[in-house]
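Undergrad: My structure is in data.tsv, and what it holds is TSV, C-alpha atoms (C1' of nucleotides):
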chain	number	residue	atom	x	y	z
A	1375	MET	CA	100.56	87.61	129.78
A	1376	ARG	CA	102.01	84.35	131.13
A	1377	THR	CA	104.87	82.38	129.62
A	1378	VAL	CA	104.27	80.46	126.40
A	1379	ASP	CA	104.26	77.14	128.29
A	1380	GLU	CA	101.70	78.40	130.78
A	1381	MET	CA	99.57	79.74	127.92
A	1382	VAL	CA	99.66	76.33	126.22
A	1383	ASP	CA	98.42	74.68	129.42
A	1384	LEU	CA	95.79	77.37	129.98
A	1385	PHE	CA	94.42	77.04	126.45
A	1386	LYS	CA	94.32	73.24	126.71
A	1387	ALA	CA	92.60	73.46	130.08
A	1388	ARG	CA	89.96	75.64	128.46
A	1389	GLY	CA	89.36	73.03	125.76
A	1390	TYR	CA	91.21	74.92	122.99
A	1391	ARG	CA	93.54	72.87	120.78
A	1392	MET	CA	97.18	73.74	120.52
A	1393	THR	CA	98.34	74.64	117.02
A	1394	PRO	CA	101.64	76.01	115.67
A	1395	GLN	CA	99.79	79.19	114.70
A	1396	ARG	CA	98.57	79.86	118.24
A	1397	GLN	CA	101.94	79.10	119.80
A	1398	CYS	CA	103.60	81.40	117.30
A	1399	ILE	CA	101.32	84.26	118.34
A	1400	PHE	CA	101.96	83.50	122.02
A	1401	ARG	CA	105.69	83.74	121.33
A	1402	ILE	CA	105.37	87.04	119.50
A	1403	LEU	CA	103.36	88.59	122.32
A	1404	GLN	CA	105.59	87.22	125.09
A	1405	ASP	CA	107.26	90.20	126.79
A	1406	ASN	CA	106.27	92.40	123.84
A	1407	THR	CA	106.16	96.06	124.91
A	1408	SER	CA	105.61	97.53	121.43
A	1409	HIS	CA	101.78	97.58	121.66
A	1410	PRO	CA	101.48	95.72	118.35
A	1411	THR	CA	98.52	95.91	115.99
A	1412	ALA	CA	96.93	92.80	114.46
A	1413	GLU	CA	98.73	93.65	111.22
A	1414	SER	CA	102.17	93.90	112.81
A	1415	ILE	CA	101.63	90.61	114.65
A	1416	TYR	CA	100.54	89.07	111.34
A	1417	ARG	CA	103.72	90.27	109.63
A	1418	ALA	CA	105.91	88.88	112.42
A	1419	ALA	CA	103.99	85.60	112.44
A	1420	ARG	CA	104.39	85.01	108.70
A	1421	LYS	CA	108.15	84.91	109.18
A	1422	GLN	CA	107.68	81.89	111.42
A	1423	VAL	CA	104.59	80.19	109.96
A	1424	GLU	CA	104.47	81.23	106.31
A	1425	THR	CA	100.87	80.29	105.64
A	1426	ILE	CA	99.25	81.86	108.69
A	1427	SER	CA	96.27	84.07	107.81
A	1428	LEU	CA	95.24	87.42	109.20
A	1429	GLN	CA	91.96	85.84	110.19
A	1430	THR	CA	93.78	83.42	112.49
A	1431	VAL	CA	95.68	86.29	114.08
A	1432	TYR	CA	92.43	88.16	114.81
A	1433	ARG	CA	90.78	84.99	116.11
A	1434	THR	CA	93.64	84.16	118.45
A	1435	LEU	CA	93.90	87.74	119.71
A	1436	ASN	CA	90.19	87.74	120.52
A	1437	GLU	CA	90.58	84.42	122.35
A	1438	LEU	CA	93.48	85.83	124.34
A	1439	ALA	CA	91.44	88.92	125.15
A	1440	SER	CA	88.43	86.88	126.27
A	1441	VAL	CA	90.67	84.82	128.56
A	1442	GLY	CA	92.11	88.08	129.93
A	1443	GLU	CA	95.69	87.40	128.84
A	1444	VAL	CA	95.84	90.33	126.45
A	1445	LEU	CA	94.38	93.81	126.75
A	1446	PRO	CA	92.89	95.33	123.59
A	1447	LEU	CA	93.62	99.05	123.45
A	1448	GLU	CA	91.56	101.51	121.40
A	1449	LEU	CA	93.61	104.66	121.45
A	1450	GLY	CA	92.26	106.59	118.51
A	1451	THR	CA	95.02	105.56	116.11
A	1452	GLY	CA	92.58	103.87	113.76
A	1453	MET	CA	93.29	100.29	114.75
A	1454	ALA	CA	93.26	98.16	117.87
A	1455	ARG	CA	96.51	97.44	119.68
A	1456	PHE	CA	97.10	94.43	121.89
A	1457	ASP	CA	99.02	94.62	125.13
A	1458	PRO	CA	100.26	91.46	126.88
A	1459	ASN	CA	100.75	93.53	130.03
A	1460	THR	CA	97.23	93.38	131.46
A	1461	ASP	CA	97.96	95.10	134.77
A	1462	GLN	CA	95.56	98.02	134.95
A	1463	GLU	CA	96.58	99.29	138.39
A	1464	THR	CA	100.09	100.50	137.63
A	1465	HIS	CA	100.24	100.45	133.85
A	1466	HIS	CA	98.86	103.20	131.61
A	1467	HIS	CA	99.64	104.67	128.18
A	1468	ALA	CA	100.91	107.75	126.39
A	1469	VAL	CA	99.88	108.06	122.72
A	1470	CYS	CA	101.61	110.36	120.27
A	1471	SER	CA	98.94	111.97	118.12
A	1472	VAL	CA	101.43	112.57	115.32
A	1473	CYS	CA	103.13	109.20	114.78
A	1474	GLY	CA	100.65	107.04	116.70
A	1475	LYS	CA	103.32	105.32	118.80
A	1476	VAL	CA	102.26	104.14	122.24
A	1477	ARG	CA	104.49	104.22	125.32
A	1478	ASP	CA	103.94	102.52	128.64
A	1479	VAL	CA	103.44	104.76	131.65
A	1480	PHE	CA	104.13	103.00	134.92
A	1481	ALA	CA	102.48	104.82	137.80
A	1482	GLU	CA	99.86	104.09	140.40
A	1483	TYR	CA	97.24	106.80	140.70
A	1484	GLN	CA	95.36	107.02	143.97
A	1485	GLY	CA	91.77	108.08	144.16
A	1486	VAL	CA	90.87	107.53	140.53
A	1487	ALA	CA	87.46	105.98	141.10
A	1488	LEU	CA	83.84	106.57	140.23
A	1489	PRO	CA	82.14	109.24	142.35
A	1490	ASP	CA	79.87	107.66	145.00
A	1491	ALA	CA	76.75	108.96	143.27
A	1492	LEU	CA	77.47	106.91	140.16
A	1493	ARG	CA	78.64	103.77	141.98
A	1494	PRO	CA	75.26	101.98	142.03
A	1495	ASP	CA	74.65	102.69	138.33
A	1496	PHE	CA	77.86	101.30	136.93
A	1497	ASP	CA	79.98	98.24	137.74
A	1498	VAL	CA	83.58	99.22	136.97
A	1499	VAL	CA	85.72	96.43	135.48
A	1500	ALA	CA	88.75	98.48	134.49
A	1501	VAL	CA	90.11	102.02	134.62
A	1502	GLN	CA	92.32	103.32	131.83
A	1503	VAL	CA	94.34	106.51	131.95
A	1504	VAL	CA	95.52	107.72	128.55
A	1505	PHE	CA	97.90	110.63	128.00
A	1506	LYS	CA	97.56	112.21	124.56
A	1507	GLY	CA	100.31	114.40	123.26
A	1508	VAL	CA	103.43	114.56	121.12
A	1509	CYS	CA	106.53	112.40	121.59
A	1510	SER	CA	109.99	113.98	121.59
A	1511	ALA	CA	110.83	112.59	118.14
A	1512	CYS	CA	107.79	114.26	116.57
A	1513	GLN	CA	108.41	117.50	118.50
A	1514	GLU	CA	111.94	117.54	117.09
A	1515	ALA	CA	110.70	116.81	113.57
A	1516	SER	CA	108.17	119.65	113.64
A	1517	ARG	CA	110.78	122.06	115.05
A	1518	THR	CA	113.10	121.21	112.15
A	1519	LEU	CA	110.24	121.58	109.67
A	1520	ARG	CA	109.27	124.99	111.05
A	1521	ALA	CA	112.86	126.25	110.90
A	1522	MET	CA	113.12	125.14	107.27
A	1523	THR	CA	109.82	126.72	106.31
A	1524	SER	CA	110.79	130.07	107.82
A	1525	ARG	CA	113.93	130.05	105.68
A	1526	GLN	CA	111.76	129.04	102.70
A	1527	GLU	CA	113.77	125.96	101.94
A	1528	HIS	CA	110.74	124.50	100.28
A	1529	LYS	CA	112.48	121.75	98.40
A	1530	ALA	CA	114.11	120.36	101.51
A	1531	LYS	CA	110.79	120.53	103.29
A	1532	ALA	CA	108.95	118.72	100.52
A	1533	LYS	CA	111.63	116.05	100.47
A	1534	MET	CA	111.36	115.59	104.23
A	1535	GLU	CA	107.59	115.19	104.03
A	1536	VAL	CA	107.99	112.44	101.47
A	1537	VAL	CA	110.72	110.70	103.45
A	1538	GLY	CA	109.08	111.11	106.86
B	203	MET	CA	81.25	124.03	122.97
B	204	ARG	CA	80.09	127.63	122.76
B	205	THR	CA	76.60	128.82	121.81
B	206	VAL	CA	75.52	128.54	118.18
B	207	ASP	CA	75.87	132.30	117.69
B	208	GLU	CA	79.39	132.30	119.08
B	209	MET	CA	80.28	129.34	116.87
B	210	VAL	CA	79.02	131.19	113.79
B	211	ASP	CA	81.26	134.14	114.64
B	212	LEU	CA	84.22	131.89	115.42
B	213	PHE	CA	83.91	130.03	112.13
B	214	LYS	CA	83.60	133.26	110.15
B	215	ALA	CA	86.59	134.72	111.96
B	216	ARG	CA	88.57	131.67	110.90
B	217	GLY	CA	87.61	132.19	107.27
B	218	TYR	CA	85.05	129.40	107.10
B	219	ARG	CA	81.76	130.14	105.34
B	220	MET	CA	78.52	129.83	107.21
B	221	THR	CA	76.09	127.31	105.72
B	222	PRO	CA	72.73	125.91	106.89
B	223	GLN	CA	74.40	122.49	107.18
B	224	ARG	CA	77.07	123.72	109.58
B	225	GLN	CA	74.61	125.68	111.70
B	226	CYS	CA	72.39	122.62	111.88
B	227	ILE	CA	75.25	120.53	113.26
B	228	PHE	CA	76.13	123.29	115.73
B	229	ARG	CA	72.53	123.23	116.96
B	230	ILE	CA	72.49	119.44	117.34
B	231	LEU	CA	75.70	119.46	119.36
B	232	GLN	CA	74.71	122.41	121.54
B	233	ASP	CA	74.35	121.10	125.12
B	234	ASN	CA	74.28	117.53	123.80
B	235	THR	CA	75.35	115.11	126.55
B	236	SER	CA	74.58	111.90	124.65
B	237	HIS	CA	78.10	111.44	123.21
B	238	PRO	CA	76.70	111.13	119.68
B	239	THR	CA	78.39	109.28	116.84
B	240	ALA	CA	78.72	110.78	113.36
B	241	GLU	CA	75.85	108.52	112.26
B	242	SER	CA	73.50	109.66	115.00
B	243	ILE	CA	74.28	113.31	114.27
B	244	TYR	CA	73.64	112.59	110.59
B	245	ARG	CA	70.25	111.07	111.38
B	246	ALA	CA	69.28	114.06	113.54
B	247	ALA	CA	70.54	116.52	110.93
B	248	ARG	CA	68.52	115.00	108.09
B	249	LYS	CA	65.36	115.84	109.98
B	250	GLN	CA	66.30	119.53	109.70
B	251	VAL	CA	68.21	119.69	106.40
B	252	GLU	CA	66.88	116.80	104.30
B	253	THR	CA	69.70	116.69	101.77
B	254	ILE	CA	72.67	116.88	104.15
B	255	SER	CA	75.26	114.21	103.49
B	256	LEU	CA	77.26	112.07	105.89
B	257	GLN	CA	80.40	113.48	104.32
B	258	THR	CA	79.39	116.97	105.44
B	259	VAL	CA	78.77	115.74	108.97
B	260	TYR	CA	82.24	114.18	109.14
B	261	ARG	CA	83.83	117.27	107.62
B	262	THR	CA	82.15	119.64	110.06
B	263	LEU	CA	82.95	117.44	113.05
B	264	ASN	CA	86.61	117.39	112.04
B	265	GLU	CA	86.59	121.16	111.68
B	266	LEU	CA	85.03	121.51	115.12
B	267	ALA	CA	87.63	119.16	116.55
B	268	SER	CA	90.52	121.05	114.95
B	269	VAL	CA	89.19	124.30	116.41
B	270	GLY	CA	88.92	122.58	119.79
B	271	GLU	CA	85.17	123.02	120.16
B	272	VAL	CA	84.43	119.32	120.13
B	273	LEU	CA	86.34	116.42	121.66
B	274	PRO	CA	86.55	113.22	119.58
B	275	LEU	CA	86.37	110.18	121.84
B	276	GLU	CA	87.73	106.76	120.88
B	277	LEU	CA	86.31	104.49	123.53
B	278	GLY	CA	86.59	101.08	121.93
B	279	THR	CA	82.98	100.94	120.77
B	280	GLY	CA	83.99	100.74	117.12
B	281	MET	CA	83.21	104.31	116.16
B	282	ALA	CA	84.23	107.79	117.20
B	283	ARG	CA	81.98	109.80	119.48
B	284	PHE	CA	81.95	113.58	119.66
B	285	ASP	CA	81.62	115.46	122.91
B	286	PRO	CA	80.82	119.19	122.94
B	287	ASN	CA	81.99	119.28	126.55
B	288	THR	CA	85.72	119.73	125.98
B	289	ASP	CA	86.72	120.19	129.61
B	290	GLN	CA	89.34	117.55	130.30
B	291	GLU	CA	90.06	118.51	133.91
B	292	THR	CA	86.78	117.60	135.54
B	293	HIS	CA	85.02	115.56	132.89
B	294	HIS	CA	85.68	111.87	132.20
B	295	HIS	CA	83.73	108.88	130.86
B	296	ALA	CA	82.27	105.52	131.80
B	297	VAL	CA	81.67	103.12	128.89
B	298	CYS	CA	79.39	100.09	129.12
B	299	SER	CA	81.11	97.25	127.30
B	300	VAL	CA	77.77	95.53	126.68
B	301	CYS	CA	75.56	98.25	125.16
B	302	GLY	CA	78.29	100.77	124.32
B	303	LYS	CA	76.55	103.68	126.05
B	304	VAL	CA	78.79	106.42	127.43
B	305	ARG	CA	78.11	108.35	130.64
B	306	ASP	CA	79.77	111.49	131.86
B	307	VAL	CA	81.82	111.22	135.04
B	308	PHE	CA	82.34	114.56	136.71
B	309	ALA	CA	85.32	114.42	139.07
B	310	GLU	CA	88.67	116.10	139.41
B	311	TYR	CA	91.51	113.66	139.96
B	312	GLN	CA	94.63	115.02	141.60
B	313	GLY	CA	98.07	113.74	140.75
B	314	VAL	CA	97.19	112.05	137.46
B	315	ALA	CA	100.25	113.18	135.54
B	316	LEU	CA	103.22	111.73	133.72
B	317	PRO	CA	106.01	110.45	135.99
B	318	ASP	CA	108.93	112.91	136.07
B	319	ALA	CA	111.17	110.46	134.24
B	320	LEU	CA	108.93	110.54	131.16
B	321	ARG	CA	108.23	114.29	131.26
B	322	PRO	CA	111.07	115.30	128.87
B	323	ASP	CA	110.13	112.61	126.33
B	324	PHE	CA	106.47	113.44	125.92
B	325	ASP	CA	104.52	116.68	125.71
B	326	VAL	CA	101.10	115.97	127.22
B	327	VAL	CA	98.19	117.74	125.54
B	328	ALA	CA	95.30	115.92	127.22
B	329	VAL	CA	94.64	113.28	129.86
B	330	GLN	CA	91.65	110.98	129.55
B	331	VAL	CA	90.34	108.72	132.28
B	332	VAL	CA	87.99	106.01	131.04
B	333	PHE	CA	86.04	103.63	133.25
B	334	LYS	CA	85.10	100.39	131.50
B	335	GLY	CA	82.39	98.22	132.94
B	336	VAL	CA	78.72	97.34	132.80
B	337	CYS	CA	75.85	99.77	133.27
B	338	SER	CA	72.97	98.93	135.60
B	339	ALA	CA	70.57	98.29	132.71
B	340	CYS	CA	72.86	95.65	131.21
B	341	GLN	CA	73.57	94.12	134.64
B	342	GLU	CA	69.83	93.77	135.14
B	343	ALA	CA	69.37	92.26	131.67
B	344	SER	CA	72.08	89.65	132.21
B	345	ARG	CA	70.67	88.76	135.64
B	346	THR	CA	67.26	88.16	134.08
B	347	LEU	CA	68.86	86.12	131.29
B	348	ARG	CA	70.81	83.95	133.74
B	349	ALA	CA	67.71	83.29	135.84
B	350	MET	CA	65.82	82.19	132.73
B	351	THR	CA	68.61	79.93	131.55
B	352	SER	CA	68.86	78.19	134.89
B	353	ARG	CA	65.16	77.43	134.66
B	354	GLN	CA	65.76	76.32	131.07
B	355	GLU	CA	63.22	78.67	129.63
B	356	HIS	CA	65.04	78.54	126.37
B	357	LYS	CA	62.31	79.92	124.21
B	358	ALA	CA	61.92	83.02	126.34
B	359	LYS	CA	65.67	83.53	126.32
B	360	ALA	CA	65.90	83.23	122.55
B	361	LYS	CA	63.07	85.69	122.16
B	362	MET	CA	64.76	88.16	124.49
B	363	GLU	CA	67.99	87.95	122.53
B	364	VAL	CA	66.16	88.81	119.34
B	365	VAL	CA	64.28	91.68	120.95
B	366	GLY	CA	67.28	93.07	122.87
C	1086	DT	C1'	96.28	54.42	112.71
C	1087	DG	C1'	91.52	55.98	112.32
C	1088	DT	C1'	87.80	58.94	113.92
C	1089	DT	C1'	85.95	63.21	115.00
C	1090	DA	C1'	85.50	67.76	116.36
C	1091	DT	C1'	88.20	71.92	116.21
C	1092	DT	C1'	90.88	74.99	113.66
C	1093	DT	C1'	92.56	76.95	109.63
C	1094	DG	C1'	92.86	79.92	105.45
C	1095	DA	C1'	90.64	81.73	101.30
C	1096	DT	C1'	87.09	84.55	100.01
C	1097	DA	C1'	83.33	87.42	100.56
C	1098	DC	C1'	81.30	90.68	103.35
C	1099	DT	C1'	80.41	94.72	106.65
C	1100	DT	C1'	81.21	99.09	108.34
C	1101	DA	C1'	83.40	103.48	109.61
C	1102	DC	C1'	85.34	106.81	107.28
C	1103	DT	C1'	87.78	109.36	103.29
C	1104	DC	C1'	88.62	110.82	98.44
C	1105	DC	C1'	87.02	112.77	94.15
C	1106	DT	C1'	84.31	115.80	91.24
C	1107	DA	C1'	80.67	118.39	89.19
C	1108	DA	C1'	77.24	121.35	90.90
C	1109	DT	C1'	75.94	124.81	94.29
C	1110	DA	C1'	75.90	128.81	97.06
C	1111	DA	C1'	78.30	132.13	100.37
C	1112	DA	C1'	81.01	136.07	100.38
C	1113	DA	C1'	83.63	139.80	97.95
C	1114	DC	C1'	83.49	143.30	94.68
C	1115	DT	C1'	81.58	145.91	91.73
D	634	DA	C1'	71.26	144.28	92.83
D	635	DG	C1'	74.38	141.70	89.67
D	636	DT	C1'	78.66	139.39	88.74
D	637	DT	C1'	82.70	136.90	90.00
D	638	DT	C1'	85.31	134.15	92.91
D	639	DT	C1'	86.05	130.37	95.55
D	640	DA	C1'	84.72	127.49	99.53
D	641	DT	C1'	81.40	124.03	100.29
D	642	DT	C1'	78.25	120.44	99.25
D	643	DA	C1'	76.10	115.83	97.75
D	644	DG	C1'	76.80	111.62	96.36
D	645	DG	C1'	79.11	107.90	94.59
D	646	DA	C1'	83.30	105.36	94.50
D	647	DG	C1'	87.13	103.89	97.29
D	648	DT	C1'	89.83	102.37	101.46
D	649	DA	C1'	90.99	99.73	105.33
D	650	DA	C1'	89.99	97.35	109.82
D	651	DG	C1'	87.77	93.72	111.21
D	652	DT	C1'	84.10	89.73	110.83
D	653	DA	C1'	81.34	85.74	108.80
D	654	DT	C1'	81.26	81.64	106.16
D	655	DC	C1'	82.68	77.23	104.90
D	656	DA	C1'	85.39	73.42	102.76
D	657	DA	C1'	89.71	71.38	103.78
D	658	DA	C1'	93.34	70.40	107.06
D	659	DT	C1'	94.78	68.85	111.46
D	660	DA	C1'	95.07	68.16	116.76
D	661	DA	C1'	93.40	65.09	120.23
D	662	DC	C1'	92.52	60.85	121.68
D	663	DA	C1'	91.01	56.14	121.44
Now that the file is in, can you turn its structure into structure tokens?

TA:
Amino acid sequence: MRTVDEMVDLFKARGYRMTPQRQCIFRILQDNTSHPTAESIYRAARKQVETISLQTVYRTLNELASVGEVLPLELGTGMARFDPNTDQETHHHAVCSVCGKVRDVFAEYQGVALPDALRPDFDVVAVQVVFKGVCSACQEASRTLRAMTSRQEHKAKAKMEVVG
Amino acid sequence: MRTVDEMVDLFKARGYRMTPQRQCIFRILQDNTSHPTAESIYRAARKQVETISLQTVYRTLNELASVGEVLPLELGTGMARFDPNTDQETHHHAVCSVCGKVRDVFAEYQGVALPDALRPDFDVVAVQVVFKGVCSACQEASRTLRAMTSRQEHKAKAKMEVVG
DNA sequence: TGTTATTTGATACTTACTCCTAATAAAACT
DNA sequence: AGTTTTATTAGGAGTAAGTATCAAATAACA
């Protein structure tokens, strides 16, 4: 995504009006690498513009997506995530299937293209490579849990499940 | 996914009971290349077992997924799709962002792996390559629509939108 | 500053999916 | 085969992500 100032100009050029709510969302997304959900953006936005509604967050995110300044990601974690880094050539994702966290994967993969036979039947707009797996934090957590279970420290385990 | 008979044995071996509902879902998925949703499987299943519930379809699909006999796909079309072809090496997907249809893409991509730097932080279980774009049917439809609009055949266009 | 069209936020709605529970039926054991 | 046990089912209620609607607020611009 561009800078906030550039986004303001771009939105105005497209005939959108500039509101504190929209600028606030631009600011939150600016250089954001946390792959936020609509909810998490909403929570951050309320700290700056107390009366902003979730509806406005969704609306603005969809506008940003339709202008190509934000990439909506559907990674099987139950809700959409929005990535201001829209580069699809060198920028992919790793999703932890335990905690749902998403990490950027910077790499350029050669030769990932539709086979010739399919080419006439499908006009490719974007290619997404998604790595599914378990992040080191969750690996560590499950190792600890297993060790506890084998020693039958059930109380500690139960406590950890509640805390975690 | 394996044959229905093999699936029956596998489920029994895992301590699951064999019911007409489960076998029916096995049969529907067998060699199914349409990337069905839970809803579409439910509709097909009701033709064979009239009283089957959506809940049972979801439950069975989750069981199949946890046993690794079905691959749940989250492709940004708003609902999960279930693929009995669980080969992740040579089998990828192309999703039409207009009609939502999913096509198989058979190709083996070399070198699509996590960069070394990330390797210790993330244990990769699966890699998915997704092509997003527009299928030929939807390209054709939008071409027709544009041609109509330019000739200002508004009534025909409106009619087509309702029909499509 | 006044006018007007866009945007906002509250509320209601839709939809994909899960939870709960009494009834049912598959498997285990006579 | 009959009985018991226990997993499974149907169906309704519930949840949560996201969308539609619309009166009121406000940005843009004269």

Undergrad: For a test of reading the model, state the distance in Å between CA of Ser236 in chain B and CA of Arg305 in chain B, rounded to one decimal.

TA: 7.8 Å

Undergrad: Considering all atoms listed in the file, state which residue in the set B:Val332, B:Cys337, B:Ile230, B:Cys301 is at the smallest distance from Leu1447 in chain A.

TA: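 Checking each of B:Val332, B:Cys337, B:Ile230, B:Cys301 against Leu1447 in chain A, counting all atoms listed in the file, the winner is B:Val332.
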
Undergrad: Counting all atoms listed in the file, which residues in chain C sit no more than 9 Å from chain B? For each one, give the nearest pair of atoms and the distance in Å, sorted by chain then residue number, as a Markdown table.

TA:
| residue | atom | partner | partner_atom | distance |
| --- | --- | --- | --- | --- |
| C:DA1101 | C1' | B:Met281 | CA | 6.6 |
| C:DC1102 | C1' | B:Tyr260 | CA | 8.2 |
| C:DT1103 | C1' | B:Gln257 | CA | 8.5 |
| C:DA1110 | C1' | B:Thr221 | CA | 8.8 |
| C:DA1111 | C1' | B:Arg219 | CA | 6.4 |
| C:DA1112 | C1' | B:Arg219 | CA | 7.8 |

Undergrad: Got a sec to check which residues sit within 10 Å of (84.5, 86.2, 99.5), counting only C-alpha atoms (C1' of nucleotides), and write them as a PDB file with C-alpha atoms (C1' of nucleotides), in the coordinates of the input?

TA:
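What ended up in part-v9.pdb:
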ATOM      1  C1'  DA C1095      90.640  81.730 101.300  1.00  0.00           C
ATOM      2  C1'  DT C1096      87.090  84.550 100.010  1.00  0.00           C
ATOM      3  C1'  DA C1097      83.330  87.420 100.560  1.00  0.00           C
ATOM      4  C1'  DC C1098      81.300  90.680 103.350  1.00  0.00           C
TER       5       DC C1098
ATOM      6  C1'  DA D 653      81.340  85.740 108.800  1.00  0.00           C
ATOM      7  C1'  DT D 654      81.260  81.640 106.160  1.00  0.00           C
TER       8       DT D 654
END

Undergrad: Within 10 Å of range 1480-1494 of chain A, counting only C-alpha atoms (C1' of nucleotides), which residues qualify if same-chain residues fewer than 2 places away don't, as a compact mmCIF listing (two decimals) with C-alpha atoms, keeping the file's coordinate frame?

TA:
# COMPACT_ATOMS: atom_id res chain seq x y z
CA GLN A 1462 95.56 98.02 134.95
CA GLU A 1463 96.58 99.29 138.39
CA THR A 1464 100.09 100.50 137.63
CA HIS A 1465 100.24 100.45 133.85
CA HIS A 1466 98.86 103.20 131.61
CA HIS A 1467 99.64 104.67 128.18
CA ARG A 1477 104.49 104.22 125.32
CA ASP A 1478 103.94 102.52 128.64
CA PHE A 1496 77.86 101.30 136.93
CA ASP A 1497 79.98 98.24 137.74
CA VAL A 1498 83.58 99.22 136.97
CA VAL A 1501 90.11 102.02 134.62
CA GLN A 1502 92.32 103.32 131.83
CA VAL A 1503 94.34 106.51 131.95
CA HIS B 294 85.68 111.87 132.20
CA HIS B 295 83.73 108.88 130.86
CA ALA B 296 82.27 105.52 131.80
CA ARG B 305 78.11 108.35 130.64
CA ASP B 306 79.77 111.49 131.86
CA VAL B 307 81.82 111.22 135.04
CA PHE B 308 82.34 114.56 136.71
CA ALA B 309 85.32 114.42 139.07
CA GLU B 310 88.67 116.10 139.41
CA TYR B 311 91.51 113.66 139.96
CA GLN B 312 94.63 115.02 141.60
CA GLY B 313 98.07 113.74 140.75
CA VAL B 314 97.19 112.05 137.46
CA ALA B 315 100.25 113.18 135.54
CA LEU B 316 103.22 111.73 133.72
CA PRO B 317 106.01 110.45 135.99
CA LEU B 320 108.93 110.54 131.16
CA VAL B 331 90.34 108.72 132.28
CA PHE B 333 86.04 103.63 133.25
CA CYS B 337 75.85 99.77 133.27
CA SER B 338 72.97 98.93 135.60

Undergrad: Could you work out how far CA of Ala1419 in chain A lies from CA of Pro1394 in chain A, giving the answer in Å with one decimal?

TA: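 Separating CA of Pro1394 in chain A from CA of Ala1419 in chain A is a distance of 10.4 Å.
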
Undergrad: Report, in Å to a single decimal, how far apart CA of Val210 in chain B and C1' of DA1113 in chain C are.

TA: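 Separating C1' of DA1113 in chain C from CA of Val210 in chain B is a distance of 18.6 Å.
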
Undergrad: Find the smallest box with edges along x, y and z containing every listed atom of range 1406-1419 of chain A, then add 4 Å on each side and report centre and edge lengths in Å to one decimal, as JSON.

TA:
{"center_x": 101.6, "center_y": 91.6, "center_z": 117.3, "size_x": 17.3, "size_y": 20.0, "size_z": 23.3}

Undergrad: Tell me, counting all atoms listed in the file, for each residue of chain D within 12 Å of chain A, which pair of atoms is nearest and how far apart they are in Å to one decimal, in rows ordered by chain and increasing number, as CSV.

TA:
residue,atom,partner,partner_atom,distance
D:DA649,C1',A:Gly1452,CA,9.5
D:DA650,C1',A:Met1453,CA,6.6
D:DG651,C1',A:Tyr1432,CA,8.1
D:DT652,C1',A:Gln1429,CA,8.8
D:DA653,C1',A:Gln1429,CA,10.7
D:DA658,C1',A:Thr1393,CA,11.9
D:DT659,C1',A:Thr1393,CA,8.8
D:DA660,C1',A:Arg1391,CA,6.4
D:DA661,C1',A:Arg1391,CA,7.8

Undergrad: Which is closer to DT641 in chain D than all the others in B:Gln250, B:Ser299, B:Gln223, B:Ser242, using all atoms listed in the file?

TA: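 Smallest separation from DT641 in chain D among the options: B:Gln223.
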
Undergrad: Using only C-alpha atoms (C1' of nucleotides), pick whichever of B:Gly217, B:Gln232, B:Ala246, B:Val272 has the shortest atom-to-atom distance to DA640 in chain D.

TA: B:Gly217

Undergrad: Do you know which residues lie at most 10 Å from (80.2, 115.1, 96.7), with coordinates as in the file and only C-alpha atoms (C1' of nucleotides) counted, and could you write them as a list in words?

TA: Ser255, Gln257 and Thr258 of chain B; DC1104, DC1105, DT1106, DA1107 and DA1108 of chain C; DT641, DT642, DA643, DG644 and DG645 of chain D
